[in-house]
file coords_35.txt (compact mmCIF, C-alpha atoms and all ligand atoms)
# COMPACT_ATOMS: atom_id res chain seq x y z
CA MET D 1 4.20 -20.84 1.98
CA ILE D 2 3.22 -22.76 5.17
CA GLU D 3 2.14 -26.34 4.82
CA PHE D 4 1.33 -28.92 7.47
CA LYS D 5 1.58 -32.42 6.03
CA ASP D 6 0.07 -34.93 8.41
CA VAL D 7 1.61 -33.16 11.40
CA SER D 8 1.12 -34.67 14.85
CA LEU D 9 2.61 -33.55 18.13
CA VAL D 10 2.70 -35.75 21.19
CA TYR D 11 3.89 -34.01 24.38
CA PRO D 12 6.48 -35.84 26.53
CA ASN D 13 3.74 -36.92 28.96
CA GLY D 14 1.98 -38.72 26.10
CA PHE D 15 -0.73 -36.09 25.54
CA LYS D 16 -1.62 -35.63 21.86
CA GLY D 17 -1.52 -31.88 21.22
CA LEU D 18 -1.98 -32.09 17.43
CA LYS D 19 -3.45 -34.98 15.48
CA ASN D 20 -2.68 -35.44 11.77
CA ILE D 21 -3.00 -31.80 10.75
CA ASN D 22 -3.10 -31.08 7.00
CA LEU D 23 -3.19 -27.42 6.14
CA LYS D 24 -1.85 -24.97 3.57
CA ILE D 25 -1.59 -21.23 4.22
CA GLU D 26 -0.65 -18.92 1.33
CA LYS D 27 1.49 -15.80 1.45
CA GLY D 28 -0.40 -12.74 2.70
CA GLU D 29 -3.37 -14.58 4.23
CA PHE D 30 -4.77 -13.37 7.56
CA VAL D 31 -5.87 -16.56 9.27
CA VAL D 32 -7.59 -16.85 12.64
CA ILE D 33 -7.53 -20.06 14.65
CA VAL D 34 -10.43 -20.71 16.98
CA GLY D 35 -11.29 -23.51 19.37
CA MET D 36 -12.07 -24.23 23.00
CA SER D 37 -9.43 -23.80 25.65
CA GLY D 38 -7.05 -26.74 25.29
CA ALA D 39 -8.00 -27.45 21.65
CA GLY D 40 -4.40 -27.00 20.50
CA LYS D 41 -4.39 -23.44 19.11
CA SER D 42 -1.14 -22.41 20.82
CA THR D 43 0.44 -25.74 20.01
CA LEU D 44 -0.34 -25.26 16.32
CA ILE D 45 0.95 -21.68 16.22
CA ARG D 46 4.07 -22.47 18.25
CA SER D 47 4.99 -25.37 16.00
CA ILE D 48 5.45 -22.89 13.10
CA ASN D 49 8.39 -21.18 14.84
CA ARG D 50 9.38 -24.44 16.52
CA MET D 51 8.77 -23.32 20.09
CA VAL D 52 7.29 -26.82 20.14
CA GLN D 53 8.41 -29.64 17.88
CA PRO D 54 6.07 -31.87 15.88
CA THR D 55 6.69 -35.55 16.54
CA SER D 56 5.62 -36.71 13.07
CA GLY D 57 4.76 -35.33 9.65
CA GLN D 58 6.32 -32.45 7.76
CA LEU D 59 5.91 -28.74 8.41
CA ILE D 60 7.05 -26.70 5.43
CA VAL D 61 7.78 -22.98 5.89
CA ASN D 62 9.07 -21.09 2.84
CA GLY D 63 9.79 -24.32 0.98
CA ARG D 64 11.73 -25.95 3.80
CA ASP D 65 10.77 -28.68 6.27
CA ILE D 66 11.37 -27.09 9.69
CA THR D 67 10.53 -30.06 11.92
CA ASN D 68 14.18 -30.96 12.59
CA LEU D 69 16.00 -27.61 12.29
CA LYS D 70 18.79 -26.96 14.78
CA ASP D 71 20.77 -23.97 16.12
CA ARG D 72 21.64 -21.51 13.34
CA GLN D 73 18.86 -22.67 11.03
CA LEU D 74 16.39 -22.43 13.89
CA ARG D 75 17.52 -18.86 14.61
CA GLY D 76 17.06 -18.10 10.91
CA LEU D 77 13.53 -19.49 11.05
CA ARG D 78 12.70 -17.32 14.07
CA THR D 79 14.00 -14.21 12.33
CA ASN D 80 11.65 -14.94 9.46
CA VAL D 81 8.68 -15.86 11.67
CA GLY D 82 7.85 -13.13 14.20
CA MET D 83 5.72 -13.65 17.27
CA ILE D 84 3.29 -11.54 19.29
CA PHE D 85 2.25 -12.76 22.74
CA GLN D 86 -0.73 -12.12 25.00
CA SER D 87 1.64 -10.72 27.64
CA TYR D 88 3.45 -8.41 25.12
CA ASN D 89 6.92 -9.71 26.13
CA ILE D 90 8.48 -6.28 26.25
CA VAL D 91 11.23 -5.07 28.58
CA LYS D 92 9.35 -2.58 30.71
CA ARG D 93 12.32 -0.68 32.09
CA MET D 94 13.65 0.05 28.60
CA SER D 95 12.42 2.77 26.27
CA VAL D 96 9.72 2.09 23.72
CA LEU D 97 12.22 2.63 20.90
CA ARG D 98 14.78 0.26 22.39
CA ASN D 99 12.10 -2.43 22.67
CA VAL D 100 11.22 -1.97 19.01
CA LEU D 101 14.90 -2.10 18.01
CA ALA D 102 15.07 -5.51 19.69
CA GLY D 103 13.28 -6.67 16.54
CA ARG D 104 16.61 -6.21 14.72
CA LEU D 105 18.46 -8.71 16.94
CA GLY D 106 18.30 -11.46 14.34
CA HIS D 107 19.83 -9.11 11.76
CA THR D 108 22.37 -7.17 13.85
CA GLY D 109 25.39 -8.78 15.49
CA THR D 110 24.90 -9.67 19.15
CA LEU D 111 27.68 -7.36 20.38
CA ARG D 112 26.33 -4.39 18.45
CA SER D 113 22.88 -4.96 19.89
CA ILE D 114 24.14 -5.40 23.46
CA LEU D 115 25.95 -2.08 23.11
CA GLY D 116 22.91 -0.53 21.52
CA TRP D 117 24.78 0.32 18.30
CA PHE D 118 22.08 0.11 15.73
CA PRO D 119 22.61 1.46 12.21
CA GLN D 120 20.72 4.63 11.31
CA SER D 121 18.58 2.60 8.92
CA ASP D 122 17.39 0.41 11.84
CA LEU D 123 16.47 3.50 13.86
CA GLN D 124 14.51 4.91 10.94
CA LEU D 125 12.72 1.60 10.41
CA ALA D 126 11.83 1.37 14.12
CA MET D 127 10.51 4.94 14.19
CA ARG D 128 8.49 4.40 11.03
CA ASN D 129 6.88 1.31 12.53
CA LEU D 130 6.05 3.15 15.77
CA GLU D 131 4.38 5.77 13.61
CA ARG D 132 2.36 3.10 11.79
CA VAL D 133 0.82 1.96 15.07
CA GLY D 134 0.37 5.53 16.34
CA ILE D 135 2.82 5.62 19.26
CA ASP D 136 5.86 7.36 17.75
CA SER D 137 5.38 10.25 20.20
CA LYS D 138 6.16 7.79 23.02
CA ALA D 139 9.44 6.51 21.52
CA TYR D 140 11.66 7.80 24.33
CA GLN D 141 9.38 6.93 27.25
CA ARG D 142 9.88 3.92 29.46
CA ALA D 143 7.73 1.12 28.11
CA SER D 144 6.20 0.65 31.58
CA ASN D 145 4.57 4.10 31.31
CA LEU D 146 2.36 2.98 28.45
CA SER D 147 -1.11 1.44 28.67
CA GLY D 148 -1.78 -2.22 27.81
CA GLY D 149 -3.02 -1.41 24.31
CA GLN D 150 0.03 0.76 23.68
CA GLN D 151 2.36 -1.95 25.02
CA GLN D 152 0.83 -4.42 22.59
CA ARG D 153 1.43 -1.87 19.81
CA ILE D 154 5.10 -1.77 20.87
CA SER D 155 5.22 -5.50 20.23
CA ILE D 156 3.52 -5.06 16.84
CA ALA D 157 6.09 -2.37 15.91
CA ARG D 158 8.88 -4.67 17.12
CA VAL D 159 7.70 -7.59 15.04
CA LEU D 160 7.41 -5.33 11.94
CA THR D 161 10.94 -4.05 12.56
CA GLN D 162 12.10 -7.67 12.50
CA GLU D 163 10.89 -7.69 8.84
CA PRO D 164 9.57 -11.24 8.98
CA ALA D 165 7.54 -12.99 6.28
CA VAL D 166 5.17 -14.51 8.84
CA ILE D 167 3.61 -13.14 12.03
CA LEU D 168 2.22 -15.48 14.67
CA ALA D 169 0.00 -13.90 17.31
CA ASP D 170 -1.01 -16.02 20.29
CA GLU D 171 -4.14 -14.47 21.87
CA PRO D 172 -2.79 -10.94 21.23
CA VAL D 173 -5.78 -9.12 22.74
CA ALA D 174 -6.73 -11.45 25.58
CA SER D 175 -5.42 -9.02 28.23
CA LEU D 176 -7.16 -5.94 26.79
CA ASP D 177 -10.62 -4.43 27.22
CA PRO D 178 -13.07 -4.81 24.28
CA PRO D 179 -12.61 -1.39 22.59
CA THR D 180 -8.82 -1.60 22.90
CA SER D 181 -8.91 -5.18 21.59
CA HIS D 182 -10.64 -3.99 18.43
CA LYS D 183 -8.21 -1.12 17.95
CA VAL D 184 -5.20 -3.40 18.30
CA MET D 185 -6.67 -6.03 15.95
CA LYS D 186 -7.39 -3.31 13.37
CA ASP D 187 -3.78 -2.11 13.60
CA LEU D 188 -2.46 -5.64 13.28
CA LYS D 189 -4.59 -6.40 10.25
CA LYS D 190 -3.78 -3.07 8.59
CA VAL D 191 0.00 -3.40 8.89
CA SER D 192 0.08 -7.05 7.94
CA LYS D 193 -1.95 -6.35 4.79
CA GLU D 194 0.21 -3.32 3.93
CA ASP D 195 3.35 -5.46 4.12
CA GLY D 196 1.80 -8.59 2.56
CA LEU D 197 2.66 -10.62 5.66
CA THR D 198 1.20 -14.03 6.31
CA THR D 199 -0.47 -13.69 9.70
CA ILE D 200 -1.85 -16.40 11.93
CA VAL D 201 -3.73 -15.33 15.04
CA ASN D 202 -5.30 -17.32 17.87
CA LEU D 203 -8.43 -15.64 19.13
CA HIS D 204 -10.74 -16.58 21.90
CA PHE D 205 -13.85 -14.67 20.82
CA ILE D 206 -15.68 -15.83 17.73
CA ASP D 207 -17.18 -12.44 16.82
CA MET D 208 -13.64 -11.03 16.70
CA ALA D 209 -12.50 -13.94 14.59
CA MET D 210 -15.32 -13.27 12.11
CA GLU D 211 -14.57 -9.56 12.00
CA TYR D 212 -10.86 -9.76 11.23
CA ALA D 213 -10.14 -13.13 9.58
CA ASP D 214 -9.86 -13.82 5.87
CA ARG D 215 -10.09 -17.46 6.78
CA ILE D 216 -10.99 -19.44 9.89
CA ILE D 217 -9.37 -22.62 11.09
CA GLY D 218 -11.22 -24.54 13.78
CA LEU D 219 -9.49 -26.94 16.13
CA ARG D 220 -11.08 -29.41 18.50
CA ASP D 221 -9.11 -31.83 20.67
CA GLY D 222 -5.99 -31.36 18.53
CA GLU D 223 -7.84 -32.06 15.27
CA LEU D 224 -8.64 -29.68 12.45
CA VAL D 225 -12.45 -29.66 12.25
CA PHE D 226 -13.01 -26.59 10.03
CA ASP D 227 -10.98 -24.70 7.45
CA GLY D 228 -12.57 -22.14 5.17
CA PRO D 229 -13.12 -18.50 4.26
CA ILE D 230 -15.45 -16.56 6.57
CA SER D 231 -18.08 -16.60 3.78
CA GLU D 232 -18.44 -20.33 4.45
CA VAL D 233 -18.79 -20.02 8.22
CA THR D 234 -22.28 -20.60 9.64
CA PRO D 235 -23.52 -20.83 13.25
CA GLU D 236 -23.28 -24.62 12.87
CA THR D 237 -19.57 -24.26 12.11
CA PHE D 238 -18.97 -22.99 15.65
CA VAL D 239 -21.17 -25.70 17.15
CA GLU D 240 -18.91 -28.19 15.35
CA ILE D 241 -15.72 -26.47 16.56
CA TYR D 242 -16.87 -25.92 20.16
CA GLY D 243 -18.86 -29.13 20.49
CA ARG D 244 -21.78 -27.14 21.94
CA PRO D 245 -24.04 -24.18 21.06
CA ILE D 246 -22.47 -20.70 21.22
CA LYS D 247 -22.83 -18.81 24.53
CA GLU D 248 -22.59 -15.13 25.29
CA ASP D 249 -19.18 -15.75 26.89
CA ASP D 250 -17.82 -16.73 23.49
CA LEU D 251 -18.45 -13.21 22.18
CA LEU D 252 -16.41 -10.12 22.97
CA GLY D 253 -19.09 -7.60 22.11
CA LYS D 254 -19.31 -4.64 19.80
CA ASP D 255 -16.68 -2.06 18.99
CA ASP D 256 -18.84 0.83 20.22
CA GLU D 257 -17.07 2.23 23.27
CA PRO D 258 -14.11 4.61 23.44
CA GLU D 259 -10.70 3.03 23.72
CA GLU D 260 -8.82 3.19 27.04
CA VAL D 261 -7.91 6.82 27.64
CA ASP D 262 -4.31 7.94 27.74
CA LEU D 263 -4.31 10.59 30.48
CA GLU D 264 -1.13 12.16 29.19
CA ASP D 265 -2.75 12.79 25.79
CA VAL D 266 -5.80 14.33 27.44
CA VAL D 267 -3.75 16.70 29.57
CA LYS D 268 -1.62 17.89 26.65
N1 LIG D 301 4.17 -29.12 27.65
C1 LIG D 301 3.00 -29.77 27.67
N2 LIG D 301 2.93 -31.02 28.14
C2 LIG D 301 1.75 -31.70 28.15
N3 LIG D 301 0.59 -31.20 27.69
C3 LIG D 301 0.61 -29.96 27.21
C4 LIG D 301 1.80 -29.17 27.17
N4 LIG D 301 1.51 -27.97 26.62
C5 LIG D 301 0.19 -28.00 26.34
N5 LIG D 301 -0.35 -29.19 26.69
C6 LIG D 301 -1.75 -29.60 26.53
O1 LIG D 301 -2.07 -29.57 25.15
C7 LIG D 301 -3.43 -29.15 24.97
C8 LIG D 301 -3.45 -28.01 23.99
O2 LIG D 301 -2.83 -26.88 24.59
P1 LIG D 301 -2.81 -25.47 23.86
O3 LIG D 301 -2.14 -24.52 24.78
O4 LIG D 301 -2.25 -25.65 22.51
O5 LIG D 301 -4.35 -25.17 23.73
P2 LIG D 301 -5.10 -23.83 23.34
O6 LIG D 301 -6.17 -24.20 22.37
O7 LIG D 301 -4.12 -22.80 22.90
O8 LIG D 301 -5.77 -23.44 24.71
P3 LIG D 301 -5.94 -22.01 25.45
O9 LIG D 301 -7.00 -21.27 24.66
O10 LIG D 301 -6.40 -22.39 26.81
O11 LIG D 301 -4.60 -21.35 25.43
C9 LIG D 301 -3.96 -28.79 26.36
O12 LIG D 301 -4.74 -29.86 26.85
C10 LIG D 301 -2.71 -28.61 27.18
O13 LIG D 301 -2.94 -28.97 28.54

call {"tool": "encode", "arguments": {"input": "coords_35.txt", "output": "structure tokens"}}
result
Amino acid sequence: MIEFKDVSLVYPNGFKGLKNINLKIEKGEFVVIVGMSGAGKSTLIRSINRMVQPTSGQLIVNGRDITNLKDRQLRGLRTNVGMIFQSYNIVKRMSVLRNVLAGRLGHTGTLRSILGWFPQSDLQLAMRNLERVGIDSKAYQRASNLSGGQQQRISIARVLTQEPAVILADEPVASLDPPTSHKVMKDLKKVSKEDGLTTIVNLHFIDMAMEYADRIIGLRDGELVFDGPISEVTPETFVEIYGRPIKEDDLLGKDDEPEEVDLEDVVK
């Protein structure tokens, strides 16, 4: 369903972000991309929804080469390929529900969405997705009142409400503490498996990558240096990807502490 055929990407300043990437990702796979800072993880992910444009090769998404899509076709691609960011990208002054409904923008007319006229079916879908990530009780609160982990769950609910075939997640837990990171990754994996979504996640910590990935892709200096199921990953794999032995800093740590506490839930 996603295929990179000899894809390279040279940034305008001449820097080679991706070098001759060949890669095939099947429907429903949960793939984690690892690599040192600057290895090209974001560049690879962002080329799939064309936030950046490959300069050579073919990138096939759902049977179509997307490297040269323009305007309407590009909007169509971005409706089908949802994105989760490290910084959540939510509108903090709006309600949680309204943020989730923003996932329908690609499906609803612009005027309807500006006016906030969403069909009942969209509202039901948004509420169901909030329930799936455990924050439906917060639907009518301002998004800014929620904790970091809850704000990232808003963005997971939003991307589900978009009903994409593919989810891209660029360092989705990099701003969260370790227990919350695990909780959010578990939610993301659960919902993407339930819906059979192809999910590609950049992660910084290799123990997290091993815990949640079906398959690991390793990048180094814009090149693909490892691609295989986690059963094939050995300590040497990471030495190859990182170009050095693994350090403690490369590990997030165990999922053995309580998640960040929501004071409001405690008081209730
Ligand atoms: N617009 C740009 N112009 C020039 N170089 C860029 C541009 N965007 C990214 N780069 C460079 O491309 C390389 C890969 O960047 P990218 O953000 O994909 O890496 P990454 O593996 O995601 O790193 P990190 O973990 O730090 O986010 C880096 O050296 C970066 O400086």

call {"tool": "atom_distance", "arguments": {"input": "coords_35.txt", "atom1": "atom CA of Asn129 of chain D", "atom2": "atom CA of Ala165 of chain D"}}
result
15.6 Å

call {"tool": "atom_distance", "arguments": {"input": "coords_35.txt", "atom1": "atom C10 of ligand LIG 301 (chain D)", "atom2": "atom CA of Val239 of chain D"}}
result
21.2 Å

call {"tool": "axis_aligned_box", "arguments": {"input": "coords_35.txt", "around": "ligand LIG 301 (chain D)", "padding_each_side": "5 Å", "output": "lines of an AutoDock Vina configuration file"}}
result
center_x = -1.4
center_y = -26.5
center_z = 25.5
size_x = 21.2
size_y = 20.4
size_z = 16.2

call {"tool": "residues_near_ligand", "arguments": {"input": "coords_35.txt", "ligand": "ligand LIG 301 (chain D)", "cutoff": "7 Å", "atoms": "all atoms listed in the file", "output": "MDAnalysis selection string"}}
result
chainID D and resid 11:13 15:17 35:44 204 222

call {"tool": "closest_residue", "arguments": {"input": "coords_35.txt", "among": "D:Asn22, D:Gly14, D:Leu197, D:Ala169", "to": "Leu219 of chain D", "atoms": "all atoms listed in the file"}}
result
D:Asn22

call {"tool": "atom_distance", "arguments": {"input": "coords_35.txt", "atom1": "atom CA of Val159 of chain D", "atom2": "atom CA of Ile84 of chain D"}}
result
7.3 Å

call {"tool": "closest_residue", "arguments": {"input": "coords_35.txt", "among": "D:Leu74, D:Leu105, D:Leu160, D:Ile216", "to": "Ile25 of chain D", "atoms": "all atoms listed in the file"}}
result
D:Ile216

call {"tool": "closest_residue", "arguments": {"input": "coords_35.txt", "among": "D:Ile217, D:Ile156, D:Met208, D:Ile200", "to": "Leu188 of chain D", "atoms": "all atoms listed in the file"}}
result
D:Ile156

call {"tool": "residues_around", "arguments": {"input": "coords_35.txt", "residues": "Ile48 of chain D", "least_positions_apart": "6", "cutoff": "10 Å", "atoms": "all atoms listed in the file", "output": "MDAnalysis selection string"}}
result
chainID D and resid 2:4 54 59:61 66:67 77:78 81 166:168 200

call {"tool": "residues_around", "arguments": {"input": "coords_35.txt", "residues": "Gln141 of chain D", "least_positions_apart": "5", "cutoff": "9 Å", "atoms": "all atoms listed in the file", "output": "VMD selection string"}}
result
chain D and resid 94 to 97 146

call {"tool": "write_last_selection", "arguments": {"input": "coords_35.txt", "atoms": "C-alpha atoms", "output": "PDB file, keeping the file's coordinate frame"}}
result
ATOM      1  CA  MET D  94      13.650   0.050  28.600  1.00  0.00           C
ATOM      2  CA  SER D  95      12.420   2.770  26.270  1.00  0.00           C
ATOM      3  CA  VAL D  96       9.720   2.090  23.720  1.00  0.00           C
ATOM      4  CA  LEU D  97      12.220   2.630  20.900  1.00  0.00           C
ATOM      5  CA  LEU D 146       2.360   2.980  28.450  1.00  0.00           C
TER       6      LEU D 146
END

call {"tool": "decode", "arguments": {"input": "coords_35.txt", "residues": "segment 56-91 of chain D", "atoms": "C-alpha atoms", "output": "PDB file, in the first residue's frame"}}
result
ATOM      1  CA  SER D  56      13.623  11.618  -7.494  1.00  0.00           C
ATOM      2  CA  GLY D  57      12.105   8.151  -7.499  1.00  0.00           C
ATOM      3  CA  GLN D  58       8.496   7.120  -7.063  1.00  0.00           C
ATOM      4  CA  LEU D  59       6.437   7.083  -3.891  1.00  0.00           C
ATOM      5  CA  ILE D  60       3.312   4.984  -4.308  1.00  0.00           C
ATOM      6  CA  VAL D  61       0.447   5.405  -1.820  1.00  0.00           C
ATOM      7  CA  ASN D  62      -2.699   3.348  -2.456  1.00  0.00           C
ATOM      8  CA  GLY D  63      -1.581   2.484  -5.975  1.00  0.00           C
ATOM      9  CA  ARG D  64      -0.786   6.051  -6.999  1.00  0.00           C
ATOM     10  CA  ASP D  65       2.531   7.872  -7.393  1.00  0.00           C
ATOM     11  CA  ILE D  66       2.193  10.915  -5.107  1.00  0.00           C
ATOM     12  CA  THR D  67       5.507  12.628  -5.837  1.00  0.00           C
ATOM     13  CA  ASN D  68       3.982  15.226  -8.177  1.00  0.00           C
ATOM     14  CA  LEU D  69       0.415  15.620  -6.873  1.00  0.00           C
ATOM     15  CA  LYS D  70      -1.017  19.135  -6.843  1.00  0.00           C
ATOM     16  CA  ASP D  71      -3.896  21.030  -5.181  1.00  0.00           C
ATOM     17  CA  ARG D  72      -7.071  18.921  -5.072  1.00  0.00           C
ATOM     18  CA  GLN D  73      -5.246  15.607  -5.391  1.00  0.00           C
ATOM     19  CA  LEU D  74      -2.854  16.666  -2.656  1.00  0.00           C
ATOM     20  CA  ARG D  75      -5.788  17.524  -0.376  1.00  0.00           C
ATOM     21  CA  GLY D  76      -7.241  14.098  -1.166  1.00  0.00           C
ATOM     22  CA  LEU D  77      -3.955  12.466  -0.189  1.00  0.00           C
ATOM     23  CA  ARG D  78      -3.892  14.345   3.117  1.00  0.00           C
ATOM     24  CA  THR D  79      -7.444  13.275   3.920  1.00  0.00           C
ATOM     25  CA  ASN D  80      -6.376   9.681   3.432  1.00  0.00           C
ATOM     26  CA  VAL D  81      -3.084  10.041   5.327  1.00  0.00           C
ATOM     27  CA  GLY D  82      -3.573  11.460   8.834  1.00  0.00           C
ATOM     28  CA  MET D  83      -0.807  12.948  10.932  1.00  0.00           C
ATOM     29  CA  ILE D  84      -0.002  13.135  14.638  1.00  0.00           C
ATOM     30  CA  PHE D  85       2.654  15.601  15.792  1.00  0.00           C
ATOM     31  CA  GLN D  86       4.908  15.846  18.840  1.00  0.00           C
ATOM     32  CA  SER D  87       3.292  19.183  19.701  1.00  0.00           C
ATOM     33  CA  TYR D  88      -0.306  17.814  19.309  1.00  0.00           C
ATOM     34  CA  ASN D  89      -1.336  20.642  16.922  1.00  0.00           C
ATOM     35  CA  ILE D  90      -4.646  21.245  18.608  1.00  0.00           C
ATOM     36  CA  VAL D  91      -6.488  24.545  18.991  1.00  0.00           C
TER      37      VAL D  91
END
